[in-house]
>>> print(open('input34.txt').read())   # compact mmCIF, C-alpha atoms
# COMPACT_ATOMS: atom_id res chain seq x y z
CA MET A 23 28.03 11.27 -30.76
CA ARG A 24 28.05 13.52 -27.73
CA LYS A 25 29.51 12.12 -24.49
CA LEU A 26 27.26 11.72 -21.50
CA SER A 27 27.50 14.88 -19.40
CA LEU A 28 27.39 14.89 -15.61
CA PRO A 29 23.80 16.07 -15.22
CA GLU A 30 22.61 13.31 -17.56
CA ARG A 31 24.68 10.75 -15.69
CA SER A 32 23.10 11.86 -12.41
CA THR A 33 19.69 11.47 -13.96
CA THR A 34 20.64 7.96 -15.06
CA PHE A 35 21.76 7.04 -11.54
CA LEU A 36 18.56 8.49 -10.13
CA GLY A 37 16.54 6.46 -12.59
CA VAL A 38 18.35 3.25 -11.63
CA ALA A 39 17.84 4.01 -7.95
CA VAL A 40 14.12 4.53 -8.48
CA VAL A 41 13.83 1.23 -10.35
CA VAL A 42 15.75 -0.65 -7.62
CA LEU A 43 13.63 0.93 -4.88
CA ALA A 44 10.48 0.08 -6.79
CA MET A 45 11.62 -3.53 -7.09
CA PHE A 46 12.53 -3.98 -3.45
CA GLY A 47 10.47 -1.28 -1.76
CA GLY A 48 7.58 -3.62 -1.04
CA CYS A 49 9.78 -6.34 0.44
CA SER A 50 11.33 -6.53 3.85
CA LEU A 51 15.11 -6.51 3.79
CA ASP A 52 15.12 -7.82 7.35
CA PRO A 53 16.37 -11.43 7.24
CA VAL A 54 14.96 -12.15 10.71
CA GLN A 55 11.48 -11.06 9.68
CA ASN A 56 11.73 -12.94 6.39
CA GLY A 57 13.00 -16.08 8.13
CA SER A 58 10.21 -15.92 10.70
CA ILE A 59 7.61 -15.56 7.96
CA GLN A 60 9.07 -18.51 6.05
CA ALA A 61 8.94 -20.60 9.22
CA LEU A 62 5.17 -20.10 9.46
CA GLY A 63 4.69 -22.38 6.47
CA ASP A 64 2.03 -22.34 3.80
CA GLU A 65 -1.60 -21.37 4.11
CA ASP A 66 -4.16 -23.99 5.14
CA PRO A 67 -5.86 -24.75 1.82
CA ALA A 68 -9.18 -25.22 3.63
CA ILE A 69 -9.18 -21.63 4.88
CA PRO A 70 -9.02 -18.81 2.35
CA GLN A 71 -6.71 -15.91 3.02
CA GLY A 72 -8.66 -13.42 5.10
CA LYS A 73 -9.89 -12.80 8.61
CA TYR A 74 -10.11 -16.50 9.45
CA HIS A 75 -6.69 -17.60 8.27
CA ARG A 76 -3.56 -18.56 10.21
CA ALA A 77 -5.16 -18.71 13.67
CA GLY A 78 -2.59 -18.73 16.45
CA GLN A 79 0.19 -17.31 14.31
CA PRO A 80 1.96 -13.97 14.89
CA CYS A 81 -0.24 -11.75 12.73
CA VAL A 82 1.80 -8.54 12.80
CA LEU A 83 4.81 -10.34 11.38
CA CYS A 84 3.16 -10.10 7.96
CA HIS A 85 0.57 -7.41 8.69
CA SER A 86 3.13 -4.67 9.19
CA THR A 87 4.46 -1.89 7.00
CA THR A 88 7.48 -4.05 6.10
CA GLY A 89 5.63 -7.36 5.78
CA PRO A 90 4.00 -9.06 2.79
CA ALA A 91 0.56 -7.93 4.05
CA SER A 92 1.67 -4.30 4.26
CA ASP A 93 -1.57 -3.23 2.57
CA LYS A 94 -3.38 -4.16 5.78
CA PRO A 95 -1.11 -3.43 8.73
CA PHE A 96 -2.30 -4.25 12.25
CA ALA A 97 -1.32 -2.63 15.53
CA VAL A 98 -2.37 -5.55 17.73
CA ALA A 99 -3.74 -8.88 16.56
CA GLY A 100 -4.02 -12.46 17.68
CA THR A 101 -6.15 -15.46 18.46
CA VAL A 102 -7.99 -16.41 21.65
CA PHE A 103 -8.53 -20.08 22.42
CA VAL A 104 -10.88 -21.73 24.89
CA ASP A 105 -8.42 -24.36 26.08
CA PRO A 106 -4.64 -24.73 26.39
CA PHE A 107 -4.09 -27.85 24.27
CA GLY A 108 -7.09 -28.51 22.00
CA ARG A 109 -6.78 -25.03 20.58
CA ARG A 110 -10.54 -24.66 20.29
CA PRO A 111 -11.15 -21.10 19.11
CA SER A 112 -12.95 -18.77 21.47
CA LYS A 113 -15.47 -16.87 19.36
CA GLN A 114 -17.41 -13.76 20.43
CA THR A 115 -14.74 -12.90 22.97
CA TRP A 116 -14.04 -9.28 23.80
CA VAL A 117 -10.37 -8.37 23.72
CA ARG A 118 -9.63 -5.12 25.50
CA VAL A 119 -6.34 -3.37 24.93
CA ARG A 120 -5.44 -0.34 27.04
CA ASP A 121 -2.37 1.63 25.99
CA GLY A 122 0.13 3.85 27.79
CA GLU A 123 -2.03 6.91 27.20
CA ASN A 124 -5.00 5.22 28.86
CA ARG A 125 -6.87 4.72 25.59
CA GLN A 126 -8.83 1.50 25.36
CA VAL A 127 -9.88 -0.35 22.23
CA CYS A 128 -12.14 -3.40 22.42
CA LYS A 129 -12.60 -5.89 19.59
CA THR A 130 -14.61 -9.10 19.30
CA THR A 131 -13.03 -12.34 18.10
CA ASN A 132 -14.50 -14.18 15.15
CA CYS A 133 -15.30 -17.89 15.00
CA LYS A 134 -11.60 -18.75 14.60
CA GLY A 135 -10.80 -16.73 17.71
CA ASN A 136 -9.03 -14.12 15.57
CA PHE A 137 -9.16 -10.38 16.17
CA PHE A 138 -7.19 -7.42 14.93
CA ILE A 139 -6.86 -3.74 15.78
CA THR A 140 -5.43 -1.15 13.41
CA ASP A 141 -3.37 1.90 14.29
CA ASP A 142 -6.23 4.21 13.35
CA GLU A 143 -8.51 2.61 15.91
CA PHE A 144 -6.22 3.91 18.65
CA GLY A 145 -6.00 7.38 17.06
CA SER A 146 -2.91 9.56 17.29
CA SER A 147 -0.68 9.38 20.33
CA PHE A 148 1.07 12.33 21.97
CA ASP A 149 3.83 12.33 19.36
CA GLY A 150 1.32 12.60 16.53
CA LYS A 151 1.77 9.06 15.24
CA ALA A 152 -1.25 6.84 14.78
CA GLY A 153 -1.26 3.68 16.85
CA PRO A 154 -1.03 2.55 20.44
CA ALA A 155 1.45 4.00 22.90
CA TYR A 156 3.27 1.10 24.50
CA PRO A 157 3.15 -0.51 27.04
CA LEU A 158 -0.23 -2.18 26.66
CA LEU A 159 -2.44 -4.00 29.14
CA VAL A 160 -4.73 -6.67 27.74
CA SER A 161 -7.68 -8.70 28.93
CA VAL A 162 -10.07 -11.19 27.35
CA HIS A 163 -13.70 -11.57 28.34
CA ARG A 164 -16.40 -13.87 27.04
CA SER A 165 -20.03 -13.63 28.01
CA LEU A 166 -21.53 -17.07 28.74
CA PRO A 167 -25.12 -18.30 28.80
CA GLY A 168 -26.39 -18.30 32.37
CA ASN A 169 -23.24 -16.63 33.63
CA PRO A 170 -23.70 -12.85 33.69
CA SER A 171 -20.06 -12.05 34.45
CA GLY A 172 -18.80 -14.59 31.93
CA LYS A 173 -15.17 -15.69 31.82
CA PHE A 174 -12.54 -13.01 32.24
CA ARG A 175 -8.74 -13.18 32.16
CA ALA A 176 -6.16 -10.40 32.18
CA MET A 177 -2.48 -10.57 31.36
CA GLN A 178 -0.28 -10.47 34.43
CA SER A 179 2.38 -8.43 32.67
CA HIS A 180 2.25 -5.74 30.03
CA ILE A 181 3.05 -5.91 26.32
CA GLY A 182 6.24 -3.98 25.72
CA ARG A 183 6.38 -3.64 21.97
CA ASP A 184 5.13 -6.66 19.99
CA GLY A 185 1.61 -6.36 18.58
CA SER A 186 1.39 -10.08 17.78
CA CYS A 187 -0.08 -12.11 20.63
CA ALA A 188 1.59 -15.21 19.22
CA GLY A 189 4.99 -13.51 19.24
CA CYS A 190 5.13 -14.65 22.88
CA HIS A 191 2.06 -16.88 23.30
CA ARG A 192 3.05 -20.11 21.58
CA PRO A 193 2.03 -23.70 22.34
CA ALA A 194 4.48 -25.07 24.88
CA PRO A 195 6.47 -28.15 23.84
CA PRO A 196 5.96 -31.30 25.95
CA ALA A 197 7.92 -31.53 29.19
CA ALA A 198 11.03 -33.71 29.50
CA ASP A 199 8.88 -36.65 30.63
CA GLY A 200 6.65 -36.27 27.56
CA LYS A 201 3.72 -34.79 29.45
CA ALA A 202 1.80 -31.96 27.82
CA VAL A 203 2.30 -28.68 29.67
CA VAL A 204 0.47 -25.39 29.45
CA ALA A 205 3.56 -23.20 29.63
CA SER A 206 7.25 -23.64 29.06
CA PHE A 207 10.35 -21.80 30.18
CA ASP A 208 10.14 -19.43 27.21
CA THR A 209 6.42 -19.10 26.59
CA PRO A 210 3.30 -18.73 28.74
CA GLY A 211 1.40 -20.90 26.25
CA VAL A 212 -1.42 -19.89 23.93
CA VAL A 213 -3.92 -17.16 24.82
CA ARG A 214 -6.69 -19.12 26.51
CA LEU A 215 -9.76 -18.65 28.65
CA TYR A 216 -9.20 -21.75 30.80
CA GLU A 217 -6.11 -23.39 32.22
CA THR A 218 -7.21 -27.02 31.77
CA GLU A 219 -9.14 -28.98 29.17
CA ALA A 220 -11.64 -30.12 31.81
CA GLU A 221 -12.41 -26.56 32.90
CA ALA A 222 -12.75 -25.53 29.26
CA LYS A 223 -15.20 -28.33 28.47
CA ALA A 224 -17.27 -27.56 31.56
CA GLY A 225 -17.22 -23.81 30.98
CA ILE A 226 -17.84 -23.80 27.23
CA PRO A 227 -19.07 -27.17 25.95
CA GLU A 228 -18.14 -28.07 22.42
CA ASP A 229 -20.85 -27.42 19.85
CA PRO A 230 -20.81 -29.80 16.89
CA ASN A 231 -22.90 -27.29 14.93
CA ASP A 232 -20.11 -24.73 15.03
CA VAL A 233 -18.87 -24.31 11.48
CA CYS A 234 -16.09 -21.90 10.79
CA PRO A 235 -15.82 -20.09 8.45
CA PRO A 236 -19.64 -19.83 8.48
CA ALA A 237 -21.71 -20.00 5.32
CA ALA A 238 -23.22 -16.56 5.94
CA GLU A 239 -21.48 -13.40 7.09
CA GLU A 240 -20.67 -13.71 10.77
CA VAL A 241 -22.26 -11.21 13.14
CA LEU A 242 -19.94 -10.23 15.98
CA ILE A 243 -21.34 -9.12 19.33
CA PRO A 244 -20.01 -5.60 19.97
CA CYS A 245 -18.23 -4.83 23.22
CA PRO A 246 -20.69 -3.48 25.80
CA GLU A 247 -18.82 -0.18 26.12
CA ASP A 248 -19.14 0.39 22.37
CA LEU A 249 -22.92 0.15 22.54
CA GLN A 250 -23.22 3.24 24.73
CA MET B 7 32.88 16.39 -21.12
CA SER B 8 31.79 19.99 -20.59
CA VAL B 9 33.90 22.46 -18.64
CA PHE B 10 31.23 22.64 -15.99
CA ALA B 11 31.22 18.87 -15.45
CA SER B 12 35.01 18.69 -15.36
CA ARG B 13 35.23 21.38 -12.68
CA ALA B 14 32.48 19.78 -10.66
CA LEU B 15 34.25 16.41 -10.68
CA ARG B 16 37.56 17.99 -9.69
CA ALA B 17 35.90 19.87 -6.81
CA LEU B 18 34.22 16.68 -5.66
CA PHE B 19 37.56 14.84 -5.69
CA VAL B 20 39.24 17.58 -3.64
CA VAL B 21 36.44 17.66 -1.05
CA ALA B 22 36.39 13.84 -0.70
CA THR B 23 40.18 13.63 -0.34
CA THR B 24 40.33 16.45 2.18
CA SER B 25 37.52 14.93 4.25
CA THR B 26 39.18 11.51 4.29
CA VAL B 27 42.53 12.96 5.38
CA ALA B 28 40.84 15.09 8.06
CA VAL B 29 38.90 12.15 9.50
CA ALA B 30 42.00 9.93 9.47
CA ALA B 31 44.06 12.60 11.21
CA ALA B 32 41.41 13.23 13.83
CA SER B 33 41.16 9.54 14.64
CA CYS B 34 44.87 9.39 15.37
CA ALA B 35 45.05 12.60 17.35
CA SER B 36 42.88 11.89 20.40
CA VAL B 37 44.48 12.30 23.79
CA PRO B 38 44.12 9.36 26.19
CA ASP B 39 41.40 10.06 28.74
CA VAL B 40 42.47 8.99 32.21
CA ASP B 41 38.82 8.82 33.26
CA ARG B 42 38.31 6.00 30.79
CA LEU B 43 40.82 3.70 32.46
CA THR B 44 39.43 0.36 33.58
CA ILE B 45 38.73 0.21 37.29
CA PHE B 46 38.40 -3.24 38.79
CA ALA B 47 38.49 -2.45 42.50
CA ALA B 48 38.30 0.46 44.91
CA GLU B 49 41.46 2.03 46.28
CA ASP B 50 41.12 -0.07 49.43
CA GLY B 51 40.81 -3.21 47.30
CA GLY B 52 37.07 -3.52 47.82
CA SER B 53 34.62 -4.55 45.11
CA LEU B 54 33.10 -1.90 42.92
CA GLU B 55 30.09 -3.95 41.98
CA PRO B 56 26.79 -2.44 43.08
CA ASP B 57 25.33 -4.08 46.17
CA TYR B 58 23.59 -7.37 45.36
CA LYS B 59 21.46 -7.55 48.50
CA ILE B 60 19.88 -4.17 47.82
CA TYR B 61 19.41 -5.16 44.20
CA ARG B 62 17.64 -8.38 45.16
CA ALA B 63 15.41 -6.78 47.76
CA GLU B 64 14.53 -3.52 46.05
CA VAL B 65 15.48 -3.34 42.38
CA ASP B 66 15.08 -6.71 40.72
CA LEU B 67 11.28 -6.87 40.79
CA ILE B 68 11.07 -3.41 39.23
CA LEU B 69 13.19 -4.55 36.30
CA GLN B 70 11.34 -7.87 36.04
CA GLN B 71 8.02 -6.07 35.71
CA GLN B 72 9.04 -3.11 33.59
CA CYS B 73 11.72 -4.66 31.36
CA GLY B 74 11.32 -8.43 31.49
CA THR B 75 8.33 -9.13 29.26
CA PHE B 76 8.84 -11.74 26.54
CA ASP B 77 8.72 -9.18 23.76
CA CYS B 78 11.40 -7.01 25.38
CA HIS B 79 14.27 -8.10 27.61
CA GLY B 80 12.71 -11.44 28.53
CA GLN B 81 14.49 -12.99 25.58
CA PRO B 82 17.65 -15.10 25.76
CA GLY B 83 19.22 -13.28 22.82
CA ARG B 84 19.20 -9.84 24.41
CA ALA B 85 22.40 -8.22 25.64
CA TYR B 86 20.46 -7.31 28.78
CA ARG B 87 18.33 -10.35 29.59
CA VAL B 88 15.80 -10.56 32.42
CA TYR B 89 14.41 -13.73 33.98
CA SER B 90 11.16 -13.57 35.89
CA SER B 91 8.41 -15.87 37.07
CA ARG B 92 5.97 -14.14 34.71
CA GLY B 93 8.35 -14.09 31.75
CA LEU B 94 11.41 -15.99 30.63
CA ARG B 95 12.58 -18.71 33.02
CA VAL B 96 15.96 -20.35 33.28
CA PHE B 97 15.95 -23.45 31.08
CA ASN B 98 16.20 -26.23 33.61
CA PRO B 99 14.14 -29.34 32.75
CA GLU B 100 14.78 -30.85 36.19
CA ALA B 101 13.51 -27.79 38.03
CA GLY B 102 10.66 -27.50 35.52
CA LEU B 103 10.55 -23.72 35.65
CA ARG B 104 7.61 -22.47 33.61
CA SER B 105 6.49 -19.02 32.70
CA GLY B 106 3.65 -17.82 34.89
CA LEU B 107 4.15 -20.48 37.55
CA GLY B 108 5.92 -20.21 40.88
CA GLU B 109 8.27 -17.52 42.11
CA THR B 110 11.39 -16.09 40.56
CA THR B 111 14.26 -18.17 41.93
CA GLU B 112 17.38 -16.94 43.68
CA ASP B 113 19.45 -18.12 40.72
CA GLU B 114 17.30 -16.13 38.31
CA VAL B 115 17.67 -12.97 40.38
CA ARG B 116 21.44 -13.50 40.53
CA TYR B 117 21.57 -13.97 36.75
CA ASN B 118 19.53 -10.79 36.30
CA PHE B 119 22.03 -8.90 38.45
CA GLN B 120 24.96 -10.25 36.49
CA SER B 121 23.30 -9.44 33.19
CA LEU B 122 22.58 -5.87 34.27
CA ILE B 123 26.05 -5.06 35.54
CA SER B 124 27.60 -6.77 32.52
CA VAL B 125 25.93 -4.45 30.02
CA GLN B 126 28.71 -1.94 30.72
CA PRO B 127 30.92 -3.57 33.35
CA GLU B 128 33.58 -0.87 33.41
CA GLU B 129 31.24 2.10 33.20
CA THR B 130 29.12 0.62 35.98
CA ARG B 131 32.18 0.33 38.21
CA ARG B 132 33.13 3.92 37.47
CA VAL B 133 29.67 5.07 38.56
CA VAL B 134 29.95 3.04 41.76
CA ALA B 135 33.49 4.37 42.33
CA ARG B 136 32.15 7.93 42.25
CA ASN B 137 29.34 7.05 44.65
CA GLY B 138 26.63 7.01 42.04
CA GLN B 139 27.33 10.43 40.59
CA ASN B 140 26.24 11.00 36.98
CA PRO B 141 24.53 7.61 36.59
CA ASP B 142 22.84 8.56 33.31
CA VAL B 143 25.99 7.58 31.40
CA LEU B 144 24.81 3.99 31.88
CA ILE B 145 22.75 2.84 28.95
CA PHE B 146 20.49 0.82 31.22
CA LEU B 147 19.28 4.24 32.39
CA SER B 148 19.71 6.39 29.29
CA LYS B 149 17.77 3.99 27.10
CA PRO B 150 14.64 3.62 29.23
CA LEU B 151 14.78 7.35 29.92
CA GLY B 152 14.51 7.87 26.16
CA ALA B 153 17.80 9.77 26.04
CA GLU B 154 19.04 7.39 23.38
CA ARG B 155 17.31 5.04 20.98
CA HIS B 156 15.34 2.36 22.78
CA LYS B 157 12.90 0.18 20.88
CA GLY B 158 10.63 0.08 23.90
CA GLY B 159 10.63 3.89 24.05
CA ALA B 160 10.87 5.96 27.23
CA VAL B 161 9.60 3.69 29.98
CA ILE B 162 10.88 5.46 33.07
CA GLY B 163 11.00 9.14 33.94
CA LYS B 164 13.88 11.06 35.43
CA GLY B 165 12.91 11.72 39.02
CA GLY B 166 10.27 8.97 38.91
CA PRO B 167 10.20 6.16 41.46
CA SER B 168 12.01 3.61 39.27
CA TYR B 169 14.78 6.04 38.40
CA GLU B 170 15.18 7.21 41.99
CA CYS B 171 15.32 3.63 43.28
CA ILE B 172 17.91 2.46 40.75
CA THR B 173 20.15 5.50 41.17
CA ALA B 174 19.94 5.23 44.96
CA TRP B 175 21.07 1.61 44.64
CA LEU B 176 24.05 2.64 42.49
CA ALA B 177 24.99 5.28 45.06
CA ALA B 178 24.72 2.94 48.03
CA PRO B 179 27.98 1.59 49.43
CA LEU B 180 28.62 -2.13 49.26
CA GLY B 181 26.94 -3.72 52.28
CA GLY B 182 25.08 -0.48 52.96
CA GLN B 183 21.40 0.33 53.05
CA LEU B 184 19.03 2.62 51.26
CA GLY B 185 17.58 5.61 53.05
CA PRO B 186 13.88 5.83 53.91
CA ASN B 187 13.04 8.02 50.94
CA ALA B 188 14.77 5.67 48.50
CA LEU B 189 13.02 2.69 50.07
CA LYS B 190 9.70 4.45 49.60
CA GLN B 191 10.50 5.15 45.93
CA CYS B 192 11.46 1.50 45.42
CA ALA B 193 8.22 0.30 47.01
CA THR B 194 6.23 2.60 44.72
CA ALA B 195 8.18 1.46 41.65
CA ARG B 196 7.47 -2.17 42.44
CA THR B 197 3.73 -1.49 42.14
CA ILE B 198 4.22 -0.50 38.46
CA ARG B 199 3.88 -3.41 36.11
>>> encode(input="input34.txt", output="structure tokens")
Amino acid sequence: MRKLSLPERSTTFLGVAVVVLAMFGGCSLDPVQNGSIQALGDEDPAIPQGKYHRAGQPCVLCHSTTGPASDKPFAVAGTVFVDPFGRRPSKQTWVRVRDGENRQVCKTTNCKGNFFITDDEFGSSFDGKAGPAYPLLVSVHRSLPGNPSGKFRAMQSHIGRDGSCAGCHRPAPPAADGKAVVASFDTPGVVRLYETEAEAKAGIPEDPNDVCPPAAEEVLIPCPEDLQ
Amino acid sequence: MSVFASRALRALFVVATTSTVAVAAASCASVPDVDRLTIFAAEDGGSLEPDYKIYRAEVDLILQQQCGTFDCHGQPGRAYRVYSSRGLRVFNPEAGLRSGLGETTEDEVRYNFQSLISVQPEETRRVVARNGQNPDVLIFLSKPLGAERHKGGAVIGKGGPSYECITAWLAAPLGGQLGPNALKQCATARTIR
């Protein structure tokens, strides 16, 4: 029997490398990312995986090129709530994201308050890569019945590099005296239209007929600038 | 094994051995660089820290706004960590500091200063000792300039208001003041968020 020659051995190594890459290529080797994903917990069995799932969680953690949802990566994604504590989703809310190259993308939230923007929706930046050029400025705006200007809020600071709203905007833990607080030392709280529950109830009363996910396909109101 | 394979393996062994010996020799052969000596104080015994008062009045807000967001340096785990009223606050349950509420406290500004000059404490002192000359050796400038890898990309420009303000601060003597042009650059930089 002929001994394995060097070229054949190289081919063998190459073959093994290809198999190993194929096995692990779709998984993140980043233990921080993996740990963060594990910490999110399981899916809510009442909400199927899709555009309504995991409201308020850091979307881009999974929806990235190295995450388990790498088949649908997002550039910017998150959830808008009406109130700070009740976590009532703010549907039909326009989320405007302006990037460092002065390009603006506007998306409408669904009935869970979720929205997402892909890299392609920003187009290519100056370096030829698709996606937003950081930093980003963000605002949320919801048109209200009888209120032409609606409710508008803009972030006071920019987004430096994290496309997940919930990467920073988490529910704040109760204060030392047990009182519920909107923001904590390490988070500004969830993305919300109103600062208090009372303001939220007065501004956007709860509708018991709101069912989400809806039985029929939801129709989102386009951003006014996209209608022109 | 074929003759070709045998020669190839031998050549590979020779190249690997030679490279290892060369790298090992080079690592032992460097000449001490007197410019790399640690400097703790000026020749007259004075401090070589950059001026804190100028930092507090002119520089800190620029860094709060441009570096201190939660997804960047407004994180407790970062080597350079920035506190700000709109970002990460000092954890102090009694004071009840919360993101987005109130003003940045004096303590927070002081901690920001200490964090900044502690990124490269010796290199920072060398820059101050040479009156701010060649400040771009400091990674808190080279990174945001994009001269070396920075996850947040290039966020300031050389010659821009933020750069001019920070370098003027590094060049200012302890207890000194910034000139009118530097003050103007700082004021402009503080309008950038």
>>> closest_residue(input="input34.txt", among="B:Pro56, B:Arg62, B:Leu94, B:Ser168", to="His79 (chain B)", atoms="all atoms listed in the file")
B:Leu94
>>> interface_residues(input="input34.txt", of="chain A", to="chain B", cutoff="7 Å", atoms="all atoms listed in the file", output="list of chain:residue names")
A:Lys25, A:Ser27, A:Leu28, A:Ser179, A:His180, A:Ile181, A:Gly182, A:Arg183, A:Asp184, A:Cys190, A:Ala198, A:Ala205, A:Ser206, A:Phe207, A:Asp208, A:Thr209, A:Pro210
>>> residues_near_point(input="input34.txt", point="(-8.4, -0.7, 12.3)", cutoff="12 Å", atoms="all atoms listed in the file", output="list in words")
His85, Lys94, Pro95, Phe96, Ala97, Val98, Ala99, Val127, Cys128, Lys129, Phe137, Phe138, Ile139, Thr140, Asp141, Asp142, Glu143, Phe144, Gly145, Ala152, Gly153 and Pro154 of chain A
>>> atom_distance(input="input34.txt", atom1="CA of Pro53 (chain A)", atom2="CA of Asn136 (chain A)")
26.9 Å
>>> closest_residue(input="input34.txt", among="B:Glu49, B:Glu154, B:Asp142, B:Asp113", to="Ile172 (chain B)", atoms="all atoms listed in the file")
B:Asp142
>>> closest_residue(input="input34.txt", among="A:Thr88, A:Gln178, A:Asn56, A:Thr218", to="Phe107 (chain A)", atoms="only C-alpha atoms")
A:Thr218
>>> atom_distance(input="input34.txt", atom1="CA of Ile226 (chain A)", atom2="CA of Tyr74 (chain A)")
20.7 Å
>>> closest_residue(input="input34.txt", among="A:Ala194, A:Ser161, A:Arg214, A:Leu62", to="Gln126 (chain A)", atoms="all atoms listed in the file")
A:Ser161
>>> residues_near_point(input="input34.txt", point="(22.4, 0.9, 51.5)", cutoff="12 Å", atoms="all atoms listed in the file", output="mmCIF file with C-alpha atoms, in the frame of the given file")
data_model
loop_
_atom_site.group_PDB
_atom_site.id
_atom_site.type_symbol
_atom_site.label_atom_id
_atom_site.label_comp_id
_atom_site.auth_asym_id
_atom_site.auth_seq_id
_atom_site.Cartn_x
_atom_site.Cartn_y
_atom_site.Cartn_z
ATOM 1 C CA PRO B 56 26.790 -2.440 43.080
ATOM 2 C CA ASP B 57 25.330 -4.080 46.170
ATOM 3 C CA TYR B 58 23.590 -7.370 45.360
ATOM 4 C CA LYS B 59 21.460 -7.550 48.500
ATOM 5 C CA ILE B 60 19.880 -4.170 47.820
ATOM 6 C CA TYR B 61 19.410 -5.160 44.200
ATOM 7 C CA ALA B 63 15.410 -6.780 47.760
ATOM 8 C CA GLU B 64 14.530 -3.520 46.050
ATOM 9 C CA ASN B 137 29.340 7.050 44.650
ATOM 10 C CA CYS B 171 15.320 3.630 43.280
ATOM 11 C CA ILE B 172 17.910 2.460 40.750
ATOM 12 C CA THR B 173 20.150 5.500 41.170
ATOM 13 C CA ALA B 174 19.940 5.230 44.960
ATOM 14 C CA TRP B 175 21.070 1.610 44.640
ATOM 15 C CA LEU B 176 24.050 2.640 42.490
ATOM 16 C CA ALA B 177 24.990 5.280 45.060
ATOM 17 C CA ALA B 178 24.720 2.940 48.030
ATOM 18 C CA PRO B 179 27.980 1.590 49.430
ATOM 19 C CA LEU B 180 28.620 -2.130 49.260
ATOM 20 C CA GLY B 181 26.940 -3.720 52.280
ATOM 21 C CA GLY B 182 25.080 -0.480 52.960
ATOM 22 C CA GLN B 183 21.400 0.330 53.050
ATOM 23 C CA LEU B 184 19.030 2.620 51.260
ATOM 24 C CA GLY B 185 17.580 5.610 53.050
ATOM 25 C CA PRO B 186 13.880 5.830 53.910
ATOM 26 C CA ASN B 187 13.040 8.020 50.940
ATOM 27 C CA ALA B 188 14.770 5.670 48.500
ATOM 28 C CA LEU B 189 13.020 2.690 50.070
#
>>> atom_distance(input="input34.txt", atom1="CA of Leu144 (chain B)", atom2="CA of Thr197 (chain B)")
24.1 Å
>>> residues_around(input="input34.txt", residues="region 238-242 of chain A", least_positions_apart="5", cutoff="9 Å", atoms="only C-alpha atoms", output="CSV table (one decimal) with C-alpha atoms, in the coordinates of the input")
chain,number,residue,atom,x,y,z
A,113,LYS,CA,-15.5,-16.9,19.4
A,114,GLN,CA,-17.4,-13.8,20.4
A,130,THR,CA,-14.6,-9.1,19.3
A,131,THR,CA,-13.0,-12.3,18.1
A,132,ASN,CA,-14.5,-14.2,15.2
A,133,CYS,CA,-15.3,-17.9,15.0
>>> closest_residue(input="input34.txt", among="A:Gly63, A:Gly225, A:Pro193, A:Pro170", to="Val213 (chain A)", atoms="all atoms listed in the file")
A:Pro193
>>> closest_residue(input="input34.txt", among="A:Gly108, A:Gly100, A:Pro80, A:Gly200", to="Val162 (chain A)", atoms="only C-alpha atoms")
A:Gly100
>>> decode(input="input34.txt", residues="region 183-202 of chain A", atoms="C-alpha atoms", output="PDB file, in the first residue's frame")
ATOM      1  CA  ARG A 183     -22.839  51.367  17.614  1.00  0.00           C
ATOM      2  CA  ASP A 184     -25.581  49.070  18.950  1.00  0.00           C
ATOM      3  CA  GLY A 185     -28.528  48.500  16.621  1.00  0.00           C
ATOM      4  CA  SER A 186     -30.674  46.954  19.370  1.00  0.00           C
ATOM      5  CA  CYS A 187     -32.784  49.528  21.199  1.00  0.00           C
ATOM      6  CA  ALA A 188     -33.028  47.153  24.149  1.00  0.00           C
ATOM      7  CA  GLY A 189     -29.244  46.866  24.351  1.00  0.00           C
ATOM      8  CA  CYS A 190     -29.474  50.053  26.432  1.00  0.00           C
ATOM      9  CA  HIS A 191     -33.227  50.578  26.953  1.00  0.00           C
ATOM     10  CA  ARG A 192     -34.131  48.019  29.602  1.00  0.00           C
ATOM     11  CA  PRO A 193     -36.793  48.162  32.321  1.00  0.00           C
ATOM     12  CA  ALA A 194     -35.236  49.778  35.366  1.00  0.00           C
ATOM     13  CA  PRO A 195     -35.162  47.707  38.562  1.00  0.00           C
ATOM     14  CA  PRO A 196     -37.078  49.120  41.562  1.00  0.00           C
ATOM     15  CA  ALA A 197     -35.314  51.765  43.627  1.00  0.00           C
ATOM     16  CA  ALA A 198     -33.734  50.945  46.998  1.00  0.00           C
ATOM     17  CA  ASP A 199     -37.011  51.807  48.761  1.00  0.00           C
ATOM     18  CA  GLY A 200     -38.920  49.418  46.490  1.00  0.00           C
ATOM     19  CA  LYS A 201     -40.562  52.142  44.423  1.00  0.00           C
ATOM     20  CA  ALA A 202     -40.858  51.603  40.686  1.00  0.00           C
TER      21      ALA A 202
END
